[in-house]
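File shown: entry.cif. Contents: mmCIF, C-alpha atoms.
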```cif
data_my_file
loop_
_atom_site.label_atom_id
_atom_site.label_comp_id
_atom_site.auth_asym_id
_atom_site.auth_seq_id
_atom_site.Cartn_x
_atom_site.Cartn_y
_atom_site.Cartn_z
CA MET A 1 -72.99 44.67 81.45
CA LYS A 2 -75.03 44.01 78.32
CA VAL A 3 -74.89 46.69 75.62
CA VAL A 4 -77.91 46.99 73.33
CA SER A 5 -76.77 48.03 69.86
CA MET A 6 -78.77 50.51 67.78
CA LYS A 7 -77.42 48.93 64.59
CA ASN A 8 -80.60 47.21 63.43
CA ILE A 9 -83.09 49.75 64.75
CA ALA A 10 -84.67 52.24 62.34
CA LYS A 11 -83.68 55.84 63.07
CA THR A 12 -84.52 59.37 61.96
CA ILE A 13 -81.45 61.58 61.65
CA GLN A 14 -81.78 65.32 61.24
CA ILE A 15 -78.97 67.37 59.71
CA PHE A 16 -79.18 71.14 60.02
CA LEU A 17 -77.13 73.45 57.77
CA PRO A 18 -76.93 76.83 59.59
CA ASP A 19 -75.77 78.74 56.51
CA GLY A 20 -77.44 76.49 53.91
CA ASN A 21 -74.09 75.13 52.68
CA ALA A 22 -73.65 71.34 52.89
CA ARG A 23 -69.86 71.78 52.95
CA SER A 24 -69.94 74.19 55.86
CA ILE A 25 -70.94 73.66 59.50
CA ARG A 26 -73.41 70.78 59.98
CA LEU A 27 -75.41 69.78 63.05
CA ALA A 28 -76.60 66.19 63.21
CA GLU A 29 -78.82 64.43 65.71
CA ILE A 30 -80.99 61.37 66.08
CA THR A 31 -84.28 63.04 66.87
CA SER A 32 -85.11 60.76 69.80
CA ARG A 33 -81.68 61.14 71.47
CA THR A 34 -79.98 63.84 73.54
CA VAL A 35 -76.57 63.61 71.84
CA GLN A 36 -75.68 65.96 68.97
CA ALA A 37 -72.74 66.16 66.57
CA ILE A 38 -71.39 69.46 65.24
CA GLN A 39 -69.11 69.15 62.21
CA ILE A 40 -66.74 72.08 61.70
CA PRO A 41 -64.52 72.38 58.61
CA ARG A 42 -61.18 73.86 59.64
CA SER A 43 -61.86 76.95 57.55
CA LYS A 44 -65.10 77.60 59.49
CA ILE A 45 -63.80 77.80 63.07
CA SER A 46 -64.58 81.52 63.27
CA GLU A 47 -68.19 80.91 62.21
CA ALA A 48 -68.43 78.01 64.69
CA SER A 49 -67.70 80.41 67.55
CA LYS A 50 -71.25 81.73 67.09
CA ARG A 51 -72.76 78.30 67.81
CA LYS A 52 -73.56 77.59 71.46
CA GLU A 53 -73.78 73.84 70.75
CA VAL A 54 -69.99 73.53 70.40
CA LYS A 55 -69.15 75.54 73.55
CA SER A 56 -70.08 72.69 75.88
CA VAL A 57 -68.54 69.72 77.63
CA GLY A 58 -68.00 66.85 75.23
CA VAL A 59 -65.74 64.62 73.19
CA TYR A 60 -64.34 65.72 69.84
CA PHE A 61 -62.68 64.18 66.79
CA LEU A 62 -60.18 65.75 64.39
CA PHE A 63 -60.15 64.09 60.97
CA GLY A 64 -57.55 64.37 58.22
CA GLU A 65 -55.13 62.27 56.21
CA ASP A 66 -51.47 61.44 56.08
CA GLU A 67 -49.79 63.65 53.47
CA LYS A 68 -47.41 60.88 52.40
CA THR A 69 -49.69 57.83 52.35
CA GLY A 70 -53.13 59.41 51.95
CA LEU A 71 -54.43 57.18 54.77
CA PRO A 72 -57.10 58.62 57.10
CA LEU A 73 -56.08 59.99 60.50
CA VAL A 74 -58.07 60.83 63.61
CA TYR A 75 -57.35 62.51 66.93
CA ILE A 76 -59.82 61.96 69.78
CA GLY A 77 -60.08 64.30 72.75
CA GLU A 78 -62.38 65.66 75.43
CA ALA A 79 -62.93 69.17 76.75
CA GLU A 80 -65.09 71.29 79.03
CA ASP A 81 -65.43 73.68 76.09
CA CYS A 82 -65.01 71.84 72.79
CA LEU A 83 -64.70 75.02 70.72
CA THR A 84 -61.82 76.34 72.82
CA ARG A 85 -59.93 73.07 72.53
CA ILE A 86 -60.53 72.74 68.78
CA THR A 87 -59.33 76.33 68.32
CA GLN A 88 -56.13 75.44 70.17
CA HIS A 89 -55.63 72.46 67.87
CA ASN A 90 -56.04 74.79 64.90
CA ARG A 91 -52.76 76.36 65.97
CA GLY A 92 -51.02 73.21 67.15
CA LYS A 93 -51.98 70.31 64.86
CA GLY A 94 -51.48 70.39 61.12
CA PHE A 95 -53.01 67.17 59.77
CA TRP A 96 -56.72 67.74 60.29
CA GLU A 97 -59.31 69.20 57.93
CA SER A 98 -62.59 68.66 59.79
CA ALA A 99 -63.57 68.54 63.45
CA ILE A 100 -66.66 66.96 64.97
CA ALA A 101 -67.71 67.88 68.51
CA ILE A 102 -70.13 65.63 70.38
CA THR A 103 -72.15 67.42 73.05
CA SER A 104 -75.43 67.02 74.91
CA LYS A 105 -78.56 68.87 73.79
CA THR A 106 -79.59 69.03 77.45
CA ASN A 107 -76.13 70.10 78.71
CA SER A 108 -76.02 66.97 80.84
CA PHE A 109 -72.44 65.91 80.08
CA THR A 110 -69.91 66.33 82.89
CA LYS A 111 -66.11 66.07 82.79
CA ALA A 112 -66.41 62.43 83.89
CA HIS A 113 -68.83 61.70 81.01
CA ALA A 114 -66.46 63.27 78.49
CA LYS A 115 -63.38 61.46 79.81
CA TYR A 116 -65.16 58.10 79.68
CA LEU A 117 -66.37 58.68 76.12
CA GLU A 118 -62.89 59.81 75.08
CA TRP A 119 -61.37 56.63 76.54
CA TYR A 120 -63.97 54.30 75.06
CA CYS A 121 -64.02 55.94 71.59
CA HIS A 122 -60.22 55.85 71.47
CA GLN A 123 -60.26 52.16 72.40
CA GLN A 124 -62.84 51.33 69.73
CA ALA A 125 -61.12 53.41 67.03
CA VAL A 126 -57.89 51.50 67.61
CA GLU A 127 -59.73 48.19 67.54
CA THR A 128 -61.67 48.85 64.32
CA ASN A 129 -58.43 50.06 62.69
CA ARG A 130 -60.10 52.13 59.97
CA TYR A 131 -58.15 55.27 60.87
CA SER A 132 -54.67 55.79 62.24
CA VAL A 133 -55.22 57.23 65.74
CA GLU A 134 -52.96 60.24 66.30
CA ASN A 135 -53.19 60.55 70.09
CA SER A 136 -49.69 60.67 71.55
CA THR A 137 -51.13 59.99 75.03
CA ILE A 138 -53.55 57.10 75.48
CA PRO A 139 -56.68 58.18 77.41
CA THR A 140 -57.30 56.43 80.70
CA LYS A 141 -60.61 55.08 81.95
CA PRO A 142 -62.11 57.23 84.71
CA TYR A 143 -64.04 55.80 87.60
CA ILE A 144 -67.80 56.10 87.05
CA SER A 145 -70.82 54.29 88.44
CA GLU A 146 -72.33 51.28 86.71
CA GLN A 147 -75.50 53.26 86.01
CA MET A 148 -73.55 56.11 84.38
CA GLU A 149 -71.56 53.64 82.29
CA ALA A 150 -74.79 52.10 80.96
CA ASP A 151 -76.08 55.55 79.94
CA LEU A 152 -72.78 56.44 78.28
CA MET A 153 -72.73 53.21 76.28
CA ASP A 154 -76.12 54.21 74.93
CA ASN A 155 -74.64 57.61 74.06
CA TYR A 156 -71.71 55.85 72.38
CA GLU A 157 -74.02 53.97 70.02
CA THR A 158 -75.55 57.30 68.99
CA ILE A 159 -72.11 58.85 68.48
CA LYS A 160 -71.06 55.96 66.25
CA VAL A 161 -74.13 56.39 64.03
CA LEU A 162 -73.77 60.18 63.81
CA LEU A 163 -70.08 60.00 62.87
CA SER A 164 -70.83 57.49 60.11
CA THR A 165 -73.74 59.60 58.85
CA LEU A 166 -71.40 62.59 58.54
CA GLY A 167 -68.95 60.47 56.54
CA PHE A 168 -66.49 59.34 59.22
CA PRO A 169 -67.08 55.64 60.13
CA VAL A 170 -64.14 55.65 62.55
CA LEU A 171 -65.99 53.48 65.10
CA GLU A 172 -67.70 51.09 62.67
CA THR A 173 -66.28 47.61 62.13
CA VAL A 174 -66.12 46.37 58.55
CA ALA A 175 -69.00 43.91 58.13
CA VAL A 176 -67.79 40.95 56.06
CA LYS A 177 -70.32 38.29 55.11
CA LYS A 178 -69.20 34.71 55.60
CA GLN A 179 -71.30 33.01 52.94
CA PRO A 180 -68.96 31.49 50.31
CA SER A 181 -71.46 32.28 47.53
CA GLU A 182 -70.91 36.00 48.15
CA MET A 183 -67.12 35.78 47.94
CA LEU A 184 -65.00 36.39 44.85
CA PHE A 185 -61.75 34.43 44.54
CA CYS A 186 -58.57 35.08 42.58
CA ARG A 187 -55.67 32.66 42.36
CA GLY A 188 -52.40 33.06 40.53
CA GLN A 189 -48.78 31.97 40.74
CA GLY A 190 -47.94 32.29 44.42
CA VAL A 191 -50.92 34.56 45.03
CA GLU A 192 -54.38 33.93 46.42
CA ALA A 193 -57.00 36.52 47.32
CA LYS A 194 -60.68 36.76 48.13
CA GLY A 195 -63.01 39.72 48.29
CA GLN A 196 -66.61 40.80 48.46
CA TYR A 197 -68.83 43.85 48.09
CA THR A 198 -69.84 45.39 51.43
CA ASP A 199 -71.45 48.62 52.61
CA ASP A 200 -67.94 50.07 52.56
CA GLY A 201 -67.17 49.10 48.97
CA PHE A 202 -65.14 46.16 47.66
CA ILE A 203 -63.07 44.60 50.43
CA ILE A 204 -60.10 42.33 49.59
#
```
In structure tokens, how does this file's structure come out?
Amino acid sequence: MKVVSMKNIAKTIQIFLPDGNARSIRLAEITSRTVQAIQIPRSKISEASKRKEVKSVGVYFLFGEDEKTGLPLVYIGEAEDCLTRITQHNRGKGFWESAIAITSKTNSFTKAHAKYLEWYCHQQAVETNRYSVENSTIPTKPYISEQMEADLMDNYETIKVLLSTLGFPVLETVAVKKQPSEMLFCRGQGVEAKGQYTDDGFII
């Protein structure tokens, strides 16, 4: 199956601030797509309970950092009611500071959709290796039709863009240019390194 990436296609992304505070709940969507992302700071779970968008079937991400190393952490899950599951994690998981629920604006996601997206996002997060994935149980791939899988891969591309837009590039690979002229080199006694400036900063 061929997957068409949205990477090089121009997009319009709309971010809605329900209470006017950019550090509070944020709703993000690509205006031409049916997928939406709802970012919920841990301190705003009570306010999030008033939002119908997060009370739907979907996949969700919990983001935080390791207290000892400062490295970023992520937990990826799925639920028939994302708000209920995130609220449970508020009592049971200590590391996270912000949750992002991914749901459908048309309420078209089913349990099978959510389980597939959970499995695929988990797989890609491990592969990109930007965040330490905190799932103790590895999600399994559900059986779905080829047509449904094609639709969900399109949804996945939207999810990847929305997560990055909200500041969590957990599914984005680090793009390193191969042209030698754009590399910086450093050599010393027993040490050799190279690096370059990328969209993610200076990579060594």
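Interatomic distance, CA of Ile15 (chain A) to CA of Ala37 (chain A): 9.3 Å.
As for CA of Asp151 (chain A) and CA of Thr173 (chain A), they are spaced 21.8 Å apart.
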Closest-contact table, region 22-120 of chain A side, partner region 130-147 of chain A, 12 Å, counting only C-alpha atoms, as JSON lines:
```
{"residue": "A:Val59", "atom": "CA", "partner": "A:Pro139", "partner_atom": "CA", "distance": 11.9}
{"residue": "A:Phe61", "atom": "CA", "partner": "A:Val133", "partner_atom": "CA", "distance": 10.2}
{"residue": "A:Leu62", "atom": "CA", "partner": "A:Glu134", "partner_atom": "CA", "distance": 9.3}
{"residue": "A:Phe63", "atom": "CA", "partner": "A:Tyr131", "partner_atom": "CA", "distance": 9.0}
{"residue": "A:Gly64", "atom": "CA", "partner": "A:Tyr131", "partner_atom": "CA", "distance": 9.5}
{"residue": "A:Glu65", "atom": "CA", "partner": "A:Ser132", "partner_atom": "CA", "distance": 8.9}
{"residue": "A:Asp66", "atom": "CA", "partner": "A:Ser132", "partner_atom": "CA", "distance": 9.0}
{"residue": "A:Thr69", "atom": "CA", "partner": "A:Ser132", "partner_atom": "CA", "distance": 11.3}
{"residue": "A:Gly70", "atom": "CA", "partner": "A:Ser132", "partner_atom": "CA", "distance": 11.0}
{"residue": "A:Leu71", "atom": "CA", "partner": "A:Tyr131", "partner_atom": "CA", "distance": 7.4}
{"residue": "A:Pro72", "atom": "CA", "partner": "A:Tyr131", "partner_atom": "CA", "distance": 5.2}
{"residue": "A:Leu73", "atom": "CA", "partner": "A:Ser132", "partner_atom": "CA", "distance": 4.8}
{"residue": "A:Val74", "atom": "CA", "partner": "A:Val133", "partner_atom": "CA", "distance": 5.1}
{"residue": "A:Tyr75", "atom": "CA", "partner": "A:Glu134", "partner_atom": "CA", "distance": 5.0}
{"residue": "A:Ile76", "atom": "CA", "partner": "A:Asn135", "partner_atom": "CA", "distance": 6.8}
{"residue": "A:Gly77", "atom": "CA", "partner": "A:Asn135", "partner_atom": "CA", "distance": 8.3}
{"residue": "A:Glu78", "atom": "CA", "partner": "A:Pro139", "partner_atom": "CA", "distance": 9.6}
{"residue": "A:Lys93", "atom": "CA", "partner": "A:Glu134", "partner_atom": "CA", "distance": 10.2}
{"residue": "A:Gly94", "atom": "CA", "partner": "A:Glu134", "partner_atom": "CA", "distance": 11.5}
{"residue": "A:Phe95", "atom": "CA", "partner": "A:Glu134", "partner_atom": "CA", "distance": 9.5}
{"residue": "A:Trp96", "atom": "CA", "partner": "A:Glu134", "partner_atom": "CA", "distance": 10.3}
{"residue": "A:Thr110", "atom": "CA", "partner": "A:Ile144", "partner_atom": "CA", "distance": 11.2}
{"residue": "A:Lys111", "atom": "CA", "partner": "A:Pro142", "partner_atom": "CA", "distance": 9.9}
{"residue": "A:Ala112", "atom": "CA", "partner": "A:Pro142", "partner_atom": "CA", "distance": 6.8}
{"residue": "A:His113", "atom": "CA", "partner": "A:Ile144", "partner_atom": "CA", "distance": 8.3}
{"residue": "A:Ala114", "atom": "CA", "partner": "A:Pro142", "partner_atom": "CA", "distance": 9.7}
{"residue": "A:Lys115", "atom": "CA", "partner": "A:Pro142", "partner_atom": "CA", "distance": 6.6}
{"residue": "A:Tyr116", "atom": "CA", "partner": "A:Lys141", "partner_atom": "CA", "distance": 5.9}
{"residue": "A:Leu117", "atom": "CA", "partner": "A:Lys141", "partner_atom": "CA", "distance": 9.0}
{"residue": "A:Glu118", "atom": "CA", "partner": "A:Pro139", "partner_atom": "CA", "distance": 6.8}
{"residue": "A:Trp119", "atom": "CA", "partner": "A:Pro139", "partner_atom": "CA", "distance": 5.0}
{"residue": "A:Tyr120", "atom": "CA", "partner": "A:Lys141", "partner_atom": "CA", "distance": 7.7}
```
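CA of Glu149 (chain A) to CA of Lys52 (chain A) spans 26.4 Å [interatomic distance, one decimal].
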Item to complete: Write out as a PyMOL selection string which residues come within 12 Å of region 39-41 of chain A when counting only C-alpha atoms, dropping same-chain ones fewer than 3 positions away.
Response: chain A and resi 15-18+21-29+36+44-51+53-54+60-64+82-83+86-87+90+96-103+162-168
Can you spit out the residues from that selection as a short mmCIF file (atom, residue, chain, number, x, y, z; two decimals), keeping the file's coordinate frame, using C-alpha atoms?
```
data_model
loop_
_atom_site.label_atom_id
_atom_site.label_comp_id
_atom_site.auth_asym_id
_atom_site.auth_seq_id
_atom_site.Cartn_x
_atom_site.Cartn_y
_atom_site.Cartn_z
CA ILE A 15 -78.97 67.37 59.71
CA PHE A 16 -79.18 71.14 60.02
CA LEU A 17 -77.13 73.45 57.77
CA PRO A 18 -76.93 76.83 59.59
CA ASN A 21 -74.09 75.13 52.68
CA ALA A 22 -73.65 71.34 52.89
CA ARG A 23 -69.86 71.78 52.95
CA SER A 24 -69.94 74.19 55.86
CA ILE A 25 -70.94 73.66 59.50
CA ARG A 26 -73.41 70.78 59.98
CA LEU A 27 -75.41 69.78 63.05
CA ALA A 28 -76.60 66.19 63.21
CA GLU A 29 -78.82 64.43 65.71
CA GLN A 36 -75.68 65.96 68.97
CA LYS A 44 -65.10 77.60 59.49
CA ILE A 45 -63.80 77.80 63.07
CA SER A 46 -64.58 81.52 63.27
CA GLU A 47 -68.19 80.91 62.21
CA ALA A 48 -68.43 78.01 64.69
CA SER A 49 -67.70 80.41 67.55
CA LYS A 50 -71.25 81.73 67.09
CA ARG A 51 -72.76 78.30 67.81
CA GLU A 53 -73.78 73.84 70.75
CA VAL A 54 -69.99 73.53 70.40
CA TYR A 60 -64.34 65.72 69.84
CA PHE A 61 -62.68 64.18 66.79
CA LEU A 62 -60.18 65.75 64.39
CA PHE A 63 -60.15 64.09 60.97
CA GLY A 64 -57.55 64.37 58.22
CA CYS A 82 -65.01 71.84 72.79
CA LEU A 83 -64.70 75.02 70.72
CA ILE A 86 -60.53 72.74 68.78
CA THR A 87 -59.33 76.33 68.32
CA ASN A 90 -56.04 74.79 64.90
CA TRP A 96 -56.72 67.74 60.29
CA GLU A 97 -59.31 69.20 57.93
CA SER A 98 -62.59 68.66 59.79
CA ALA A 99 -63.57 68.54 63.45
CA ILE A 100 -66.66 66.96 64.97
CA ALA A 101 -67.71 67.88 68.51
CA ILE A 102 -70.13 65.63 70.38
CA THR A 103 -72.15 67.42 73.05
CA LEU A 162 -73.77 60.18 63.81
CA LEU A 163 -70.08 60.00 62.87
CA SER A 164 -70.83 57.49 60.11
CA THR A 165 -73.74 59.60 58.85
CA LEU A 166 -71.40 62.59 58.54
CA GLY A 167 -68.95 60.47 56.54
CA PHE A 168 -66.49 59.34 59.22
#
```
Each side padded by 4 Å, which centre and which edge lengths in Å (one decimal) define the axis-aligned box around the listed atoms of region 46-63 of chain A? Give them as lines of an AutoDock Vina configuration file.
```
center_x = -67.0
center_y = 72.9
center_z = 69.3
size_x = 21.6
size_y = 25.6
size_z = 24.7
```
Discussion item. Taking 2 positions as the minimum chain separation for residues in the same chain, which residues sit within 10 Å of Ser108 (chain A) when counting all atoms listed in the file? Answer as a ChimeraX atom specification.
Written reply: /A:34-35,56-58,103-106,110,113
